Structures are given as C-alpha cells and as structure tokens.
>>> print(open('input29.cif').read())   # mmCIF, C-alpha atoms
data_coords
#
loop_
_atom_site.label_atom_id
_atom_site.label_comp_id
_atom_site.auth_asym_id
_atom_site.auth_seq_id
_atom_site.Cartn_x
_atom_site.Cartn_y
_atom_site.Cartn_z
CA MET A 117 14.18 -294.09 -86.63
CA THR A 118 12.79 -290.57 -86.39
CA VAL A 119 9.07 -290.45 -85.60
CA ILE A 120 7.15 -287.45 -86.86
CA GLY A 121 3.61 -286.69 -85.74
CA VAL A 122 1.08 -285.32 -88.22
CA VAL A 123 -2.14 -283.77 -86.89
CA GLY A 124 -5.12 -283.54 -89.24
CA ALA A 125 -5.83 -286.04 -92.03
CA GLY A 126 -7.34 -283.61 -94.53
CA VAL A 127 -5.80 -282.76 -97.90
CA MET A 128 -2.68 -281.17 -96.39
CA GLY A 129 -2.11 -283.64 -93.54
CA VAL A 130 -2.43 -286.60 -95.88
CA GLY A 131 0.08 -285.01 -98.28
CA VAL A 132 2.54 -284.26 -95.47
CA ALA A 133 2.24 -287.83 -94.11
CA GLN A 134 2.84 -289.36 -97.55
CA ASN A 135 5.79 -287.02 -98.21
CA LEU A 136 7.42 -287.96 -94.87
CA ALA A 137 6.89 -291.70 -95.47
CA GLN A 138 8.38 -291.40 -98.98
CA TYR A 139 11.54 -289.99 -97.42
CA GLY A 140 11.85 -292.78 -94.83
CA TYR A 141 10.32 -291.19 -91.72
CA GLU A 142 8.03 -293.13 -89.41
CA VAL A 143 4.77 -291.20 -89.25
CA VAL A 144 1.98 -291.11 -86.67
CA LEU A 145 -1.06 -289.52 -88.31
CA VAL A 146 -3.86 -288.43 -85.97
CA ASP A 147 -7.35 -287.04 -86.42
CA ARG A 148 -10.66 -287.05 -84.54
CA THR A 149 -12.25 -290.33 -85.71
CA GLU A 150 -11.33 -293.76 -87.08
CA GLU A 151 -13.57 -293.06 -90.10
CA ILE A 152 -11.52 -290.01 -91.10
CA LEU A 153 -8.30 -292.00 -90.68
CA ALA A 154 -9.57 -294.93 -92.75
CA GLY A 155 -10.53 -292.45 -95.47
CA ALA A 156 -7.07 -290.89 -95.24
CA ARG A 157 -5.35 -294.25 -95.77
CA ALA A 158 -7.49 -294.81 -98.86
CA VAL A 159 -6.60 -291.35 -100.20
CA ILE A 160 -2.87 -291.97 -99.60
CA ALA A 161 -3.10 -295.34 -101.42
CA ARG A 162 -4.82 -293.64 -104.36
CA ASN A 163 -2.36 -290.73 -104.46
CA CYS A 164 0.60 -293.15 -104.40
CA ARG A 165 -0.95 -295.08 -107.27
CA MET A 166 -1.39 -291.87 -109.29
CA SER A 167 2.07 -290.49 -108.39
CA ARG A 168 3.83 -291.35 -111.67
CA LEU A 169 0.87 -290.06 -113.68
CA MET A 170 1.19 -286.66 -112.01
CA GLY A 171 4.91 -286.47 -112.81
CA GLY A 172 6.18 -287.90 -109.50
CA PRO A 173 8.15 -291.08 -108.73
CA ALA A 174 6.59 -294.56 -108.96
CA LEU A 175 5.39 -295.42 -105.43
CA ASP A 176 4.30 -298.68 -103.85
CA PRO A 177 1.15 -297.76 -101.83
CA ASP A 178 1.67 -300.65 -99.38
CA ALA A 179 5.27 -299.66 -98.64
CA ILE A 180 4.25 -296.04 -98.00
CA LEU A 181 1.29 -297.01 -95.80
CA ALA A 182 3.52 -299.39 -93.82
CA LYS A 183 5.41 -296.34 -92.52
CA ILE A 184 2.24 -294.53 -91.40
CA THR A 185 0.51 -295.42 -88.14
CA THR A 186 -2.86 -293.81 -87.50
CA ALA A 187 -4.45 -292.93 -84.16
CA VAL A 188 -7.40 -290.98 -82.77
CA GLY A 189 -6.35 -287.94 -80.70
CA VAL A 190 -3.06 -286.12 -80.12
CA GLU A 191 -2.25 -288.32 -77.08
CA ALA A 192 -0.50 -290.72 -79.50
CA LEU A 193 2.19 -288.09 -80.28
CA GLY A 194 4.17 -288.19 -77.00
CA LYS A 195 7.19 -289.84 -78.66
CA ALA A 196 7.37 -287.73 -81.80
CA SER A 197 10.51 -285.62 -82.24
CA ALA A 198 8.50 -283.11 -84.26
CA VAL A 199 4.79 -282.61 -84.89
CA ILE A 200 3.33 -281.02 -88.02
CA GLU A 201 -0.16 -279.65 -87.35
CA ASN A 202 -2.50 -279.28 -90.36
CA VAL A 203 -5.99 -278.70 -88.97
CA THR A 204 -8.61 -276.35 -90.46
CA GLU A 205 -7.75 -272.65 -90.78
CA ASN A 206 -10.10 -271.84 -87.93
CA TRP A 207 -8.67 -270.18 -84.84
CA ASP A 208 -10.82 -272.03 -82.26
CA VAL A 209 -9.91 -275.41 -83.75
CA LYS A 210 -6.19 -274.56 -83.98
CA ARG A 211 -6.18 -273.24 -80.41
CA GLU A 212 -7.70 -276.38 -78.97
CA VAL A 213 -5.30 -278.66 -80.85
CA HIS A 214 -2.27 -276.65 -79.70
CA LEU A 215 -3.44 -276.72 -76.08
CA GLY A 216 -3.53 -280.52 -76.41
CA LEU A 217 -0.09 -280.71 -78.06
CA ASP A 218 1.38 -278.52 -75.32
CA GLU A 219 0.19 -281.06 -72.73
CA VAL A 220 1.26 -284.20 -74.59
CA CYS A 221 4.60 -283.26 -76.19
CA PRO A 222 7.78 -282.83 -74.12
CA PRO A 223 9.39 -279.34 -74.41
CA GLU A 224 12.08 -280.58 -76.84
CA THR A 225 9.47 -281.59 -79.44
CA VAL A 226 9.34 -279.10 -82.32
CA ILE A 227 5.78 -278.03 -83.13
CA ILE A 228 5.28 -277.02 -86.74
CA VAL A 229 2.13 -275.11 -87.67
CA ASN A 230 1.08 -275.64 -91.29
CA THR A 231 -1.00 -272.60 -92.04
CA SER A 232 -1.57 -270.32 -94.97
CA ALA A 233 -2.63 -267.23 -93.04
CA ILE A 234 -2.78 -267.48 -89.23
CA PRO A 235 0.08 -265.63 -87.47
CA ILE A 236 2.57 -268.07 -85.88
CA THR A 237 3.20 -265.88 -82.83
CA ARG A 238 -0.51 -266.11 -81.99
CA VAL A 239 -0.50 -269.91 -82.20
CA ALA A 240 2.77 -270.12 -80.22
CA ALA A 241 1.22 -268.09 -77.40
CA VAL A 242 -1.33 -270.84 -76.73
CA GLY A 243 1.20 -273.17 -75.03
CA LYS A 244 3.92 -272.85 -72.40
CA HIS A 245 6.81 -273.24 -74.88
CA PRO A 246 6.52 -270.65 -77.65
CA GLU A 247 10.23 -271.15 -78.48
CA ARG A 248 9.53 -274.59 -79.98
CA VAL A 249 6.70 -273.44 -82.25
CA ILE A 250 7.35 -272.48 -85.89
CA GLY A 251 5.26 -272.06 -89.03
CA VAL A 252 5.71 -273.87 -92.33
CA HIS A 253 3.38 -273.18 -95.21
CA PHE A 254 3.32 -276.32 -97.36
CA MET A 255 1.85 -276.14 -100.86
CA ASN A 256 -0.70 -278.56 -102.31
CA PRO A 257 -0.13 -281.31 -103.44
CA VAL A 258 2.56 -281.54 -100.74
CA PRO A 259 4.71 -284.38 -102.19
CA ALA A 260 4.91 -282.60 -105.56
CA LYS A 261 5.85 -279.09 -104.38
CA PRO A 262 9.55 -278.69 -103.54
CA VAL A 263 9.43 -275.23 -101.91
CA VAL A 264 7.74 -274.09 -98.67
CA GLU A 265 7.59 -270.85 -96.69
CA MET A 266 9.23 -271.15 -93.24
CA ILE A 267 8.02 -268.66 -90.65
CA PRO A 268 9.55 -268.30 -87.18
CA GLY A 269 7.28 -266.65 -84.61
CA PHE A 270 8.40 -263.86 -82.27
CA HIS A 271 9.79 -266.29 -79.64
CA THR A 272 10.93 -269.16 -81.91
CA SER A 273 14.44 -270.32 -80.92
CA ALA A 274 17.43 -270.70 -83.24
CA SER A 275 17.54 -274.44 -82.52
CA THR A 276 13.86 -274.84 -83.50
CA ILE A 277 14.61 -273.07 -86.80
CA GLU A 278 17.66 -275.27 -87.40
CA ARG A 279 15.83 -278.54 -86.60
CA THR A 280 12.89 -277.53 -88.81
CA ARG A 281 15.18 -276.70 -91.70
CA GLU A 282 16.85 -280.10 -91.28
CA LEU A 283 13.50 -281.92 -91.25
CA LEU A 284 12.30 -280.04 -94.33
CA SER A 285 15.51 -280.80 -96.16
CA GLY A 286 15.05 -284.46 -95.16
CA MET A 287 11.61 -284.32 -96.82
CA GLY A 288 13.09 -282.91 -100.02
CA LYS A 289 11.89 -279.36 -99.37
CA LYS A 290 13.68 -276.06 -99.73
CA ALA A 291 12.56 -273.53 -97.13
CA VAL A 292 12.20 -269.86 -98.06
CA ASP A 293 12.51 -267.67 -94.93
CA VAL A 294 9.58 -265.32 -94.39
CA LYS A 295 8.74 -263.13 -91.40
CA ASP A 296 5.55 -263.63 -89.39
CA ALA A 297 2.78 -261.57 -90.99
CA SER A 298 -0.69 -262.92 -91.77
CA GLY A 299 -0.73 -264.53 -95.23
CA PHE A 300 3.11 -264.49 -95.39
CA VAL A 301 4.20 -263.87 -98.99
CA SER A 302 2.25 -266.43 -101.01
CA ASN A 303 -1.24 -265.83 -99.73
CA ARG A 304 -0.99 -262.06 -99.29
CA VAL A 305 -0.69 -262.00 -103.08
CA LEU A 306 -2.50 -265.15 -104.21
CA MET A 307 -5.67 -264.71 -102.13
CA LEU A 308 -6.11 -261.13 -103.31
CA THR A 309 -5.64 -262.29 -106.90
CA VAL A 310 -8.22 -265.06 -106.57
CA ASN A 311 -10.61 -262.73 -104.73
CA GLU A 312 -10.29 -260.09 -107.47
CA ALA A 313 -10.73 -262.77 -110.16
CA ALA A 314 -13.96 -263.83 -108.39
CA PHE A 315 -15.11 -260.18 -108.47
CA LEU A 316 -14.59 -260.15 -112.26
CA VAL A 317 -16.94 -263.14 -112.61
CA HIS A 318 -19.34 -261.70 -110.01
CA GLU A 319 -19.58 -258.40 -111.89
CA GLY A 320 -19.94 -260.09 -115.27
CA VAL A 321 -16.73 -258.60 -116.63
CA ALA A 322 -15.47 -262.00 -117.75
CA THR A 323 -16.32 -265.69 -117.41
CA ALA A 324 -14.16 -267.98 -115.27
CA GLU A 325 -12.84 -269.56 -118.47
CA SER A 326 -11.80 -266.15 -119.86
CA VAL A 327 -10.12 -265.04 -116.63
CA ASP A 328 -8.09 -268.24 -116.50
CA GLU A 329 -7.24 -268.09 -120.19
CA VAL A 330 -5.73 -264.62 -119.72
CA PHE A 331 -3.45 -265.91 -116.96
CA ARG A 332 -2.43 -269.04 -118.90
CA GLY A 333 -2.11 -267.44 -122.31
CA CYS A 334 -0.77 -263.98 -121.46
CA PHE A 335 1.35 -264.71 -118.39
CA GLY A 336 2.28 -268.33 -119.03
CA HIS A 337 0.84 -269.54 -115.70
CA PRO A 338 0.17 -273.30 -115.82
CA MET A 339 -3.23 -272.68 -114.15
CA GLY A 340 -5.46 -269.61 -113.91
CA PRO A 341 -6.56 -268.17 -110.51
CA LEU A 342 -10.06 -269.69 -110.59
CA GLU A 343 -8.83 -273.17 -111.54
CA THR A 344 -6.44 -272.75 -108.65
CA ALA A 345 -9.36 -271.74 -106.38
CA ASP A 346 -11.18 -274.94 -107.34
CA LEU A 347 -8.05 -276.95 -106.53
CA ILE A 348 -7.45 -275.28 -103.16
CA GLY A 349 -11.16 -275.20 -102.28
CA VAL A 350 -13.44 -272.17 -102.70
CA ASP A 351 -14.35 -272.39 -98.98
CA THR A 352 -10.66 -272.35 -98.01
CA ILE A 353 -10.09 -269.31 -100.22
CA LEU A 354 -12.97 -267.52 -98.48
CA TYR A 355 -11.66 -268.38 -94.99
CA SER A 356 -8.16 -267.22 -95.92
CA VAL A 357 -9.41 -263.91 -97.31
CA GLU A 358 -11.51 -263.45 -94.14
CA VAL A 359 -8.45 -264.10 -91.96
CA LEU A 360 -6.49 -261.44 -93.91
CA TYR A 361 -9.41 -259.01 -93.64
CA GLU A 362 -9.71 -259.57 -89.91
CA HIS A 363 -5.97 -259.36 -89.30
CA TYR A 364 -5.12 -256.23 -91.31
CA ALA A 365 -8.53 -254.50 -90.94
CA ASP A 366 -7.93 -253.32 -94.50
CA SER A 367 -10.84 -253.13 -96.92
CA LYS A 368 -8.68 -254.36 -99.79
CA TYR A 369 -9.19 -257.86 -98.35
CA ARG A 370 -13.01 -257.66 -98.37
CA PRO A 371 -14.23 -261.07 -99.57
CA CYS A 372 -16.14 -261.23 -102.86
CA PRO A 373 -19.85 -262.04 -102.21
CA LEU A 374 -19.66 -264.73 -104.91
CA LEU A 375 -17.11 -266.67 -102.81
CA LYS A 376 -19.54 -266.55 -99.88
CA GLN A 377 -22.48 -267.68 -101.96
CA MET A 378 -20.51 -270.53 -103.55
CA THR A 379 -19.30 -271.65 -100.12
CA ASP A 380 -22.88 -271.64 -98.75
CA ALA A 381 -24.12 -273.51 -101.83
CA GLY A 382 -21.51 -276.25 -101.46
CA LEU A 383 -19.66 -275.26 -104.63
CA HIS A 384 -16.26 -275.80 -103.03
CA GLY A 385 -14.37 -276.84 -106.18
CA ARG A 386 -12.84 -280.18 -107.11
CA LYS A 387 -13.50 -281.77 -103.72
CA THR A 388 -17.29 -281.34 -104.06
CA GLY A 389 -17.43 -281.88 -107.83
CA ARG A 390 -18.32 -278.27 -108.64
CA GLY A 391 -16.83 -274.83 -108.14
CA PHE A 392 -16.03 -272.29 -110.83
CA TYR A 393 -15.98 -275.37 -113.08
CA ASN A 394 -18.02 -278.55 -113.11
CA TYR A 395 -16.09 -281.78 -112.41
CA GLU A 396 -19.05 -284.14 -112.38
CA SER A 397 -19.25 -286.36 -115.43
CA MET B 235 -15.99 -302.00 -130.48
CA SER B 236 -12.95 -299.70 -130.25
CA GLU B 237 -14.90 -297.05 -132.15
CA MET B 238 -17.53 -297.06 -129.42
CA VAL B 239 -14.84 -296.82 -126.75
CA SER B 240 -13.19 -293.84 -128.39
CA THR B 241 -16.56 -292.08 -128.85
CA GLN B 242 -17.29 -292.47 -125.13
CA ILE B 243 -13.86 -291.13 -124.17
CA LEU B 244 -14.17 -288.20 -126.54
CA SER B 245 -17.61 -287.24 -125.25
CA PHE B 246 -16.35 -287.41 -121.64
CA ILE B 247 -13.53 -284.98 -122.49
CA GLN B 248 -15.89 -282.68 -124.38
CA GLY B 249 -18.38 -282.80 -121.51
CA ARG B 250 -15.70 -281.38 -119.21
CA PHE B 251 -14.17 -279.04 -121.80
CA PRO B 252 -16.94 -277.95 -124.17
CA GLN B 253 -14.49 -275.75 -126.07
CA ALA B 254 -12.30 -278.77 -126.90
CA GLN B 255 -11.94 -279.41 -130.60
CA ILE B 256 -9.82 -282.51 -130.54
CA GLY B 257 -9.25 -285.45 -132.80
CA GLU B 258 -8.33 -288.99 -131.81
CA THR B 259 -4.60 -288.43 -132.09
CA ASP B 260 -4.35 -284.90 -130.67
CA ASP B 261 -2.36 -284.46 -127.47
CA ILE B 262 -5.02 -283.20 -125.04
CA PHE B 263 -2.40 -281.83 -122.62
CA ALA B 264 -0.86 -279.70 -125.37
CA CYS B 265 -4.00 -277.65 -126.04
CA GLY B 266 -3.28 -275.29 -123.15
CA TYR B 267 -6.35 -275.65 -120.94
CA ILE B 268 -6.17 -279.31 -119.89
CA ASN B 269 -3.52 -280.08 -117.26
CA SER B 270 -2.25 -283.29 -115.70
CA LEU B 271 -4.86 -283.12 -112.90
CA PHE B 272 -7.38 -284.13 -115.54
CA ALA B 273 -5.39 -287.33 -116.10
CA MET B 274 -6.55 -288.47 -112.66
CA GLU B 275 -10.17 -287.86 -113.68
CA LEU B 276 -9.57 -289.84 -116.86
CA VAL B 277 -8.31 -292.79 -114.81
CA MET B 278 -11.46 -292.72 -112.65
CA PHE B 279 -13.68 -292.36 -115.70
CA LEU B 280 -12.07 -295.24 -117.62
CA GLU B 281 -12.10 -297.57 -114.61
CA LYS B 282 -15.74 -296.80 -113.82
CA THR B 283 -17.06 -296.86 -117.38
CA PHE B 284 -15.21 -299.92 -118.64
CA GLU B 285 -15.18 -301.73 -115.29
CA PHE B 286 -11.54 -302.65 -114.86
CA MET B 287 -8.65 -301.54 -112.71
CA ILE B 288 -5.75 -300.06 -114.66
CA PRO B 289 -2.54 -301.81 -113.54
CA ASN B 290 -0.01 -299.50 -111.87
CA ASP B 291 2.58 -299.96 -114.62
CA GLU B 292 0.07 -298.64 -117.17
CA LEU B 293 -0.49 -295.42 -115.20
CA SER B 294 1.89 -293.31 -117.23
CA ILE B 295 0.88 -290.00 -118.76
CA ASP B 296 1.58 -291.22 -122.32
CA ASN B 297 -1.33 -293.66 -122.03
CA PHE B 298 -3.70 -290.71 -121.45
CA ARG B 299 -2.28 -288.19 -123.91
CA THR B 300 -4.61 -289.00 -126.81
CA VAL B 301 -8.01 -290.60 -127.27
CA SER B 302 -6.44 -293.34 -129.36
CA ALA B 303 -3.85 -294.12 -126.64
CA MET B 304 -6.69 -294.46 -124.10
CA THR B 305 -8.72 -296.61 -126.49
CA ALA B 306 -5.68 -298.87 -126.91
CA LEU B 307 -5.28 -299.02 -123.12
CA VAL B 308 -8.90 -300.11 -122.72
CA GLY B 309 -8.38 -302.72 -125.46
CA ARG B 310 -5.30 -304.16 -123.72
CA GLN B 311 -7.11 -304.48 -120.41
CA ARG B 312 -10.15 -306.12 -121.99
CA ARG B 313 -7.95 -308.65 -123.80
CA GLY B 314 -6.16 -309.24 -120.53
CA VAL B 315 -9.46 -310.05 -118.85
CA THR B 316 -10.51 -312.45 -121.62
CA VAL B 317 -7.16 -314.25 -121.67
CA GLY B 318 -6.63 -314.28 -117.92
#
>>> encode(input="input29.cif", output="structure tokens")
Amino acid sequence: MTVIGVVGAGVMGVGVAQNLAQYGYEVVLVDRTEEILAGARAVIARNCRMSRLMGGPALDPDAILAKITTAVGVEALGKASAVIENVTENWDVKREVHLGLDEVCPPETVIIVNTSAIPITRVAAVGKHPERVIGVHFMNPVPAKPVVEMIPGFHTSASTIERTRELLSGMGKKAVDVKDASGFVSNRVLMLTVNEAAFLVHEGVATAESVDEVFRGCFGHPMGPLETADLIGVDTILYSVEVLYEHYADSKYRPCPLLKQMTDAGLHGRKTGRGFYNYES
Amino acid sequence: MSEMVSTQILSFIQGRFPQAQIGETDDIFACGYINSLFAMELVMFLEKTFEFMIPNDELSIDNFRTVSAMTALVGRQRRGVTVG
C-alpha cells in the first residue's frame, strides 16, 4: 500500500488527507501538537459527514479516518513515497519544515509543496535534492475540486513530474501545467480581483453585497470575490497579496488597507465567524 | 409546534441574509445568493437549536432546500426520539 505523508493539519492539509484516504491511500498526517491533530480528526469526521450535502459522495467517517495515522513532527514521514506539505504561506515556516523533510525523507521521496504563491524553485533550494521538489496548488475544499495547478521548479526532474502526475490522477485530480512564477495563474488573477474588490468597499464605491451580486448576476460566477475571500480567509488573502507584492515589486499588488485592518481585528471570514459577512447566528 | 419550528428556521435564514424574502416552500438555493455552503450552517443551527443529531442518511440537500422541508426533518427526528 502506498503511504503518503501530509504535513500541516490546517484547512488544506485536512482536505488533502481526506482526499487521499477516499482514494485508498494510507496517509500519515503530521503537525506540531497532538491538540491540532485531534482537532483535525474531528474536522475530517465532520467534513465526511457533510460530504453528500455539499454534492460529494456519501462517506463513512470511520472508514476514512481508519486510513489516516496522525503524528507530531515530520520524523514520522521516513517511509512515505511522497510528502505533500501544506503549512502556512510564511517563508520562515516553510523553510524550516523543508529543512526537516530534507533530513528525514530519502532522496527518492517526492516532495510536493502546496502553495498558492511562493515560488517552488525557492522552496526547492532549501534542501539537498531540488530535483524531487515540485509545486501543486490544490483548491479549497480539496476533495471537491477536481483540477489543480502543477508547477515544476527550475531543477525538478522529469521523473518527479511523472510520479506527481500519477499521484494526482490517483487522487482524482487533473493537473494543469503552469510554470514557476509567484501566484502561478490562479492567484495572480484572483488575488488582484479580491484586493480590488476590497478597495471598492474601502472607498465606499459599493457594499460587499453589491460587489458580489455583480459577479454572480452579471458574470454568472457561483460566488462573488468577497464571499470567496471569506471562504479562503481574509488573512490568507492579505498574506498572498503581500507575497505577490514582495516578489514582483510591482505597486499593482499593493494590499488594500481594509484587508490589513480586518486581519488585525480578527475578521478573517468564515473561520472566525465574521469577515466581509457575518456568520454568527 | 411545527409553526414555531418554521418561524425559528426562517428567522435564522433572515438573520444571515437580511435581503431574503422567502416563503416556507421557496427553494433557498435558487434565489441566487445562498449557496450550498450555507447548508452546512443550517445543519449546525438545527442540531444546536433543536438538540438532536441529524442521521447521516438525512443529510441530503433536498432536506434543506425549503423551510418546510427542514421543519419536516425536525419533526421526523423529534418523533424518532419519542418513539425510540
């Protein structure tokens, strides 16, 4: 049985772990503390229970959780044939985790970086085997989104690309090939759209409701950009825009002050009960 | 009893979507601004407010499409508790 390591038990890591388990892989999910991991198991159980409601297949939470082992620290990933890393979009955190993976995983282990904006070549340069490092940008919620961006870094080998494509296909995902540039395709466009939508609210041009209604009603999008921001996390949007700004040194990526204020105030969207909309009953 | 249940459900939906002008039999997901993510919130709300756990086989979107479908769901669970 193929064992896949998953690093980070946040929203993305939990989704990746569930997706892998659904498709028959044995998963080792790691994070920093037992508390985080216990919380992750509870979230996976809840998401499995809600799967059919959200348009997915009926899932037995116990059967899915039986395929997921949890452990504190990356040391538990020595036997994984591939590792999917999903830690916070913060360079210092990513760097430390990849230094650890480089120590623990044998050179033949494929290291997949799940990121929405950090350049893969930069992450690959942290360890001694940049040829086995590749980027995959999964969408949220992971089990429900059939397409991902696949991003080889400068040194990524052909066999790493091939094995990653195979793994993704085994998880029910189609990979769209994208070259390594901060933000890839999806977030170069999406983050600027959300940022500009936040400026519209910040300047009083339109309310969040009106902005979203334009996108739903006029363009037929299932969700407007600010509803999407609340789903992704307003803080995550801010960090992603900041990464783009830092990387391209282009003022078009300057973050909207409203995103900063909301992040400071704890208005992070659905996960904190309030963002551009209020989710507290 | 069921009237009270439906009033509570309706006011929860209107609390989240003040612009919602919906009747008991209107499909809330067809109005354009409520998507299936809200179904998850409805599950949490119903379980917390009416103090029962919705069985997995009842977690289908059709049970959350209208206020009357949700009221019926609550009724079924309450009967289940009394009988069982």
>>> resolve_selection(input="input29.cif", expression="the PyMOL selection byres ((chain B) within 9 of (chain A))", output="list of chain:residue names")
B:Phe246, B:Gly249, B:Arg250, B:Gly266, B:Tyr267, B:Asn269, B:Ser270, B:Leu271, B:Ala273, B:Met274, B:Glu275, B:Val277, B:Phe279, B:Asn290, B:Asp291, B:Leu293, B:Ser294, B:Ile295, B:Asp296
>>> resolve_selection(input="input29.cif", expression="the PyMOL selection byres ((chain A and resi 138-143) around 10)", output="ChimeraX atom specification")
/A:117-122,132-137,144-146,164,173,175-176,179-186,193,196,199,259,283,286-288
>>> atom_distance(input="input29.cif", atom1="CA of Lys368 in chain A", atom2="CA of His318 in chain A")
16.5 Å
>>> closest_residue(input="input29.cif", among="A:Ala260, A:Ile277, A:Ile250, A:Cys334", to="Gly172 in chain A", atoms="only C-alpha atoms")
A:Ala260
>>> resolve_selection(input="input29.cif", expression="the PyMOL selection byres ((chain A and resi 226-228) around 10)", output="PyMOL selection string")
chain A and resi 120-122+196-202+214+217-218+221-225+229-231+236+240+245-253+266-268+275-277+279-280
>>> atom_distance(input="input29.cif", atom1="CA of Arg238 in chain A", atom2="CA of Tyr364 in chain A")
14.3 Å
>>> atom_distance(input="input29.cif", atom1="CA of Val220 in chain A", atom2="CA of Lys295 in chain A")
28.0 Å
>>> axis_aligned_box(input="input29.cif", around="range 163-170 of chain A", padding_each_side="4 Å", output="JSON")
{"center_x": 0.7, "center_y": -290.9, "center_z": -109.0, "size_x": 14.2, "size_y": 16.4, "size_z": 17.3}
>>> build_atoms(input="input29.cif", residues="range 165-182 of chain A", atoms="N, CA and C atoms", output="tab-separated table (two decimals), in the coordinates of the input")
chain	number	residue	atom	x	y	z
A	165	ARG	N	-0.69	-294.39	-106.00
A	165	ARG	CA	-0.95	-295.08	-107.27
A	165	ARG	C	-0.86	-294.09	-108.44
A	166	MET	N	-1.35	-292.87	-108.22
A	166	MET	CA	-1.39	-291.87	-109.29
A	166	MET	C	-0.08	-291.08	-109.39
A	167	SER	N	0.88	-291.33	-108.50
A	167	SER	CA	2.07	-290.49	-108.39
A	167	SER	C	2.79	-290.30	-109.73
A	168	ARG	N	3.05	-291.41	-110.42
A	168	ARG	CA	3.83	-291.35	-111.67
A	168	ARG	C	3.05	-290.56	-112.72
A	169	LEU	N	1.74	-290.74	-112.72
A	169	LEU	CA	0.87	-290.06	-113.68
A	169	LEU	C	0.95	-288.54	-113.52
A	170	MET	N	1.14	-288.10	-112.28
A	170	MET	CA	1.19	-286.66	-112.01
A	170	MET	C	2.63	-286.13	-112.08
A	171	GLY	N	3.53	-286.93	-112.62
A	171	GLY	CA	4.91	-286.47	-112.81
A	171	GLY	C	5.83	-286.77	-111.64
A	172	GLY	N	5.37	-287.54	-110.67
A	172	GLY	CA	6.18	-287.90	-109.50
A	172	GLY	C	6.85	-289.26	-109.69
A	173	PRO	N	7.51	-289.77	-108.63
A	173	PRO	CA	8.15	-291.08	-108.73
A	173	PRO	C	7.11	-292.21	-108.66
A	174	ALA	N	7.47	-293.40	-109.12
A	174	ALA	CA	6.59	-294.56	-108.96
A	174	ALA	C	6.61	-294.95	-107.49
A	175	LEU	N	5.45	-295.11	-106.87
A	175	LEU	CA	5.39	-295.42	-105.43
A	175	LEU	C	4.58	-296.67	-105.18
A	176	ASP	N	5.05	-297.49	-104.24
A	176	ASP	CA	4.30	-298.68	-103.85
A	176	ASP	C	3.39	-298.27	-102.67
A	177	PRO	N	2.06	-298.22	-102.89
A	177	PRO	CA	1.15	-297.76	-101.83
A	177	PRO	C	1.32	-298.52	-100.52
A	178	ASP	N	1.55	-299.86	-100.61
A	178	ASP	CA	1.67	-300.65	-99.38
A	178	ASP	C	2.92	-300.27	-98.59
A	179	ALA	N	4.02	-300.02	-99.33
A	179	ALA	CA	5.27	-299.66	-98.64
A	179	ALA	C	5.13	-298.29	-97.96
A	180	ILE	N	4.44	-297.37	-98.59
A	180	ILE	CA	4.25	-296.04	-98.00
A	180	ILE	C	3.34	-296.15	-96.77
A	181	LEU	N	2.24	-296.88	-96.93
A	181	LEU	CA	1.29	-297.01	-95.80
A	181	LEU	C	1.90	-297.76	-94.62
A	182	ALA	N	2.88	-298.64	-94.90
A	182	ALA	CA	3.52	-299.39	-93.82
A	182	ALA	C	4.29	-298.46	-92.88
